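Visitor: Quick one, protein-v2.txt (compact mmCIF, C-alpha atoms and all ligand atoms):
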```txt
# COMPACT_ATOMS: atom_id res chain seq x y z
CA MET Y 1 -10.63 24.48 30.63
CA THR Y 2 -8.60 26.94 28.68
CA GLU Y 3 -5.66 24.70 28.02
CA ASN Y 4 -6.17 21.63 25.97
CA LYS Y 5 -2.71 20.26 26.44
CA SER Y 6 -2.11 16.72 27.37
CA ILE Y 7 -0.60 16.29 30.78
CA GLU Y 8 -0.09 12.57 30.64
CA ILE Y 9 3.51 11.56 30.36
CA ILE Y 10 5.78 8.58 30.57
CA CYS Y 11 8.57 9.80 32.73
CA PRO Y 12 12.03 8.84 31.43
CA ALA Y 13 13.52 9.21 34.91
CA CYS Y 14 11.21 6.99 36.93
CA GLY Y 15 9.48 5.17 34.10
CA GLN Y 16 6.07 5.92 35.53
CA ASP Y 17 2.96 6.44 33.53
CA THR Y 18 2.17 9.66 35.29
CA ILE Y 19 1.26 13.28 34.83
CA LEU Y 20 3.18 16.45 34.26
CA LYS Y 21 3.21 18.98 37.01
CA ARG Y 22 3.30 22.54 35.83
CA THR Y 23 4.45 25.17 38.23
CA PRO Y 24 4.26 28.75 37.02
CA ARG Y 25 7.64 30.35 37.18
CA TYR Y 26 7.91 34.07 37.74
CA ASP Y 27 10.67 36.40 36.87
CA GLY Y 28 9.89 39.07 39.42
CA PHE Y 29 6.19 39.67 38.82
CA LYS Y 30 6.29 38.60 35.26
CA ARG Y 31 5.45 35.06 34.45
CA SER Y 32 8.37 33.65 32.54
CA GLY Y 33 7.12 30.18 31.97
CA ASP Y 34 6.36 26.94 33.68
CA ASP Y 35 8.50 24.58 35.62
CA LEU Y 36 7.78 21.17 34.25
CA ASN Y 37 8.19 18.27 36.60
CA CYS Y 38 7.24 14.66 36.83
CA ALA Y 39 4.46 14.30 39.37
CA SER Y 40 5.88 11.00 40.54
CA CYS Y 41 9.57 11.63 41.02
CA GLY Y 42 9.95 15.33 40.49
CA HIS Y 43 12.24 14.97 37.48
CA SER Y 44 12.43 18.35 35.84
CA PHE Y 45 12.10 18.90 32.12
CA ALA Y 46 14.04 21.73 30.53
CA CYS Y 47 11.26 22.70 28.18
CA GLU Y 48 7.98 21.47 26.81
CA SER Y 49 9.54 19.92 23.72
CA LYS Y 50 11.54 17.65 26.02
CA VAL Y 51 8.47 16.35 27.78
CA PRO Y 52 7.59 12.80 26.77
CA PHE Y 53 3.86 13.32 26.48
CA LYS Y 54 1.85 10.22 26.10
CA VAL Y 55 0.58 9.94 22.59
CA LYS Y 56 -3.15 9.76 22.72
CA LYS Y 57 -4.55 6.75 21.04
CA LYS Y 58 -6.80 7.49 18.16
CA ASN Y 59 -10.32 6.31 18.31
CA ILE Y 60 -9.92 2.93 16.73
CA THR Y 61 -13.63 2.35 16.33
CA PHE Y 62 -13.64 5.02 13.67
CA ASP Y 63 -11.57 4.20 10.64
CA PRO Y 64 -11.92 6.82 7.89
CA SER Y 65 -10.73 4.37 5.26
CA GLU Y 66 -13.87 2.34 5.90
CA LEU Y 67 -15.99 5.21 4.73
CA GLU Y 68 -14.29 5.34 1.39
CA ALA Y 69 -14.42 1.69 0.59
CA LYS Y 70 -17.93 0.93 -0.54
CA PRO Y 71 -18.96 -2.58 0.22
CA GLU Y 72 -19.37 -4.59 -2.91
CA VAL Y 73 -22.69 -6.25 -2.36
CA PHE Y 74 -23.26 -7.55 -5.84
CA LYS Y 75 -20.93 -9.37 -8.08
CA LYS Y 76 -20.56 -8.03 -11.55
CA GLY Y 77 -23.27 -9.36 -13.83
CA GLU Y 78 -25.55 -10.09 -10.94
CA ALA Y 79 -26.16 -6.41 -10.37
CA ALA Y 80 -27.24 -6.02 -13.97
CA ARG Y 81 -30.26 -8.29 -13.38
CA LEU Y 82 -31.68 -6.41 -10.43
CA CYS Y 83 -35.40 -5.73 -10.44
CA ARG Y 84 -34.53 -2.14 -9.70
CA LEU Y 85 -32.93 -1.90 -13.13
CA CYS Y 86 -35.59 -3.86 -14.97
CA ALA Y 87 -37.98 -2.33 -17.48
CA ASN Y 88 -40.84 -4.13 -15.74
CA TYR Y 89 -40.04 -2.68 -12.34
CA VAL Y 90 -42.73 -0.33 -11.16
CA VAL Y 91 -42.41 1.82 -8.09
CA ASN Y 92 -45.14 3.69 -6.36
CA PRO Y 93 -45.10 5.11 -2.85
CA PHE Y 94 -46.52 1.95 -1.34
CA ILE Y 95 -45.17 -0.94 -3.25
CA GLN Y 96 -42.50 -2.00 -5.66
CA ARG Y 97 -43.80 -4.47 -8.17
CA CYS Y 98 -42.99 -6.28 -11.32
CA ALA Y 99 -45.33 -5.38 -14.17
CA LEU Y 100 -44.54 -8.61 -15.95
CA LEU Y 101 -45.08 -11.11 -13.14
CA ARG Y 102 -47.62 -8.90 -11.35
CA LYS Y 103 -46.10 -9.46 -7.97
CA GLU Y 104 -44.36 -7.48 -5.32
CA VAL Y 105 -40.61 -7.33 -5.67
CA GLU Y 106 -37.66 -5.85 -3.89
CA ALA Y 107 -35.34 -3.44 -5.64
CA THR Y 108 -32.51 -5.84 -4.95
CA ASP Y 109 -34.27 -8.92 -6.28
CA THR Y 110 -32.89 -10.58 -9.34
CA CYS Y 111 -35.09 -12.15 -11.95
CA ARG Y 112 -34.68 -14.41 -14.95
CA HIS Y 113 -37.27 -12.35 -16.81
CA PHE Y 114 -35.05 -9.35 -16.45
CA LYS Y 115 -35.44 -6.84 -19.22
CA LYS Y 116 -33.02 -4.00 -19.42
CA GLN Y 117 -34.47 -0.60 -18.69
CA LYS Y 118 -34.04 2.12 -21.21
CA GLN Y 119 -31.87 4.88 -19.90
CA PRO Y 120 -34.08 7.53 -18.36
CA PRO Y 121 -34.04 10.67 -20.47
CA LYS Y 122 -31.66 13.20 -19.17
CA PRO Y 123 -33.29 16.37 -17.85
CA SER Y 124 -32.71 19.15 -20.31
ZN ZN Z 1 9.40 10.58 37.12
```
Just give me the structure of the file as structure tokens.
Ligand SMILES: [Zn+2]

Guide:
Amino acid sequence: MTENKSIEIICPACGQDTILKRTPRYDGFKRSGDDLNCASCGHSFACESKVPFKVKKKNITFDPSELEAKPEVFKKGEAARLCRLCANYVVNPFIQRCALLRKEVEATDTCRHFKKQKQPPKPS
């Protein structure tokens, strides 16, 4: 496939959802262009810009605006009490735990013993 042009058209003459027939036209031995015809009724189009190509539908399963909008999982205030942000939250490679309650926690847990973490020192 060298040409990536759409050949699907809605023909204005016959109204068919059909394809465009291209017939190479030669001026002597030199190719001067294509004859463009409706494959259903033979209606001829003067030039490519006159051809009513079917507009290809965009892939509707992919909506780029969805990528930008981050889902808001936590309400304001609630997020501030996450174990992940708590001074007593301890992470090691195997377990996340609360140093205060000495139990396993999830980063997204909330806790009434929440104690605000000091800001980690910025790398110099
Ligand atoms: Zn037609």

Visitor: What does the list of residues within 6 Å of ligand ZN 1 (chain Z) look like if you count all atoms listed in the file, written as JSON, numbers by chain?

Guide: {"Y": [11, 13, 14, 16, 38, 40, 41, 42, 43]}

Visitor: Give the answer as one residue: which of Y:Ala46, Y:Leu20, Y:Cys83, Y:Ile10 has the shortest atom-to-atom distance to Leu101 in chain Y, using only C-alpha atoms?

Guide: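 Looking only at the distances to Leu101 in chain Y, the closest residue turns out to be Y:Cys83.
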
Visitor: Tell me which protein, DNA and RNA residues are within 12 Å of Lys118 in chain Y, counting all atoms listed in the file, leaving out same-chain ones fewer than 6 positions away, and put them as a list in words.

Guide: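 Close residues of Lys118 in chain Y: Leu85, Cys86, Ala87, Asn88 and Tyr89 of chain Y.
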
Visitor: Would you kindly return, as a PDB file with C-alpha atoms, keeping the file's coordinate frame, each protein, DNA or RNA residue with an atom no farther than 10 Å from any atom of Cys111 in chain Y, considering only C-alpha atoms and excluding same-chain residues fewer than 6 positions away?

Guide:
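After the write, part27.pdb holds the following:
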```pdb
ATOM      1  CA  GLU Y  78     -25.550 -10.090 -10.940  1.00  0.00           C
ATOM      2  CA  ARG Y  81     -30.260  -8.290 -13.380  1.00  0.00           C
ATOM      3  CA  LEU Y  82     -31.680  -6.410 -10.430  1.00  0.00           C
ATOM      4  CA  CYS Y  83     -35.400  -5.730 -10.440  1.00  0.00           C
ATOM      5  CA  CYS Y  86     -35.590  -3.860 -14.970  1.00  0.00           C
ATOM      6  CA  CYS Y  98     -42.990  -6.280 -11.320  1.00  0.00           C
ATOM      7  CA  VAL Y 105     -40.610  -7.330  -5.670  1.00  0.00           C
TER       8      VAL Y 105
END
```

Visitor: Have a look at CA of Arg22 in chain Y and CA of Leu36 in chain Y and let me know their distance in Å, one decimal.

Guide: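 So the two atoms, CA of Arg22 in chain Y and CA of Leu36 in chain Y, lie 4.9 Å apart.
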
Visitor: Using Å and a single decimal, report how far CA of Ile7 in chain Y sits from CA of Ile19 in chain Y.

Guide: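 So the answer is 5.4 Å.
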
Visitor: Just to confirm, what's the straight-line distance from CA of Lys30 in chain Y to CA of Ile9 in chain Y in Å (one decimal)?

Guide: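 Pair CA of Lys30 in chain Y / CA of Ile9 in chain Y returns 27.6 Å.
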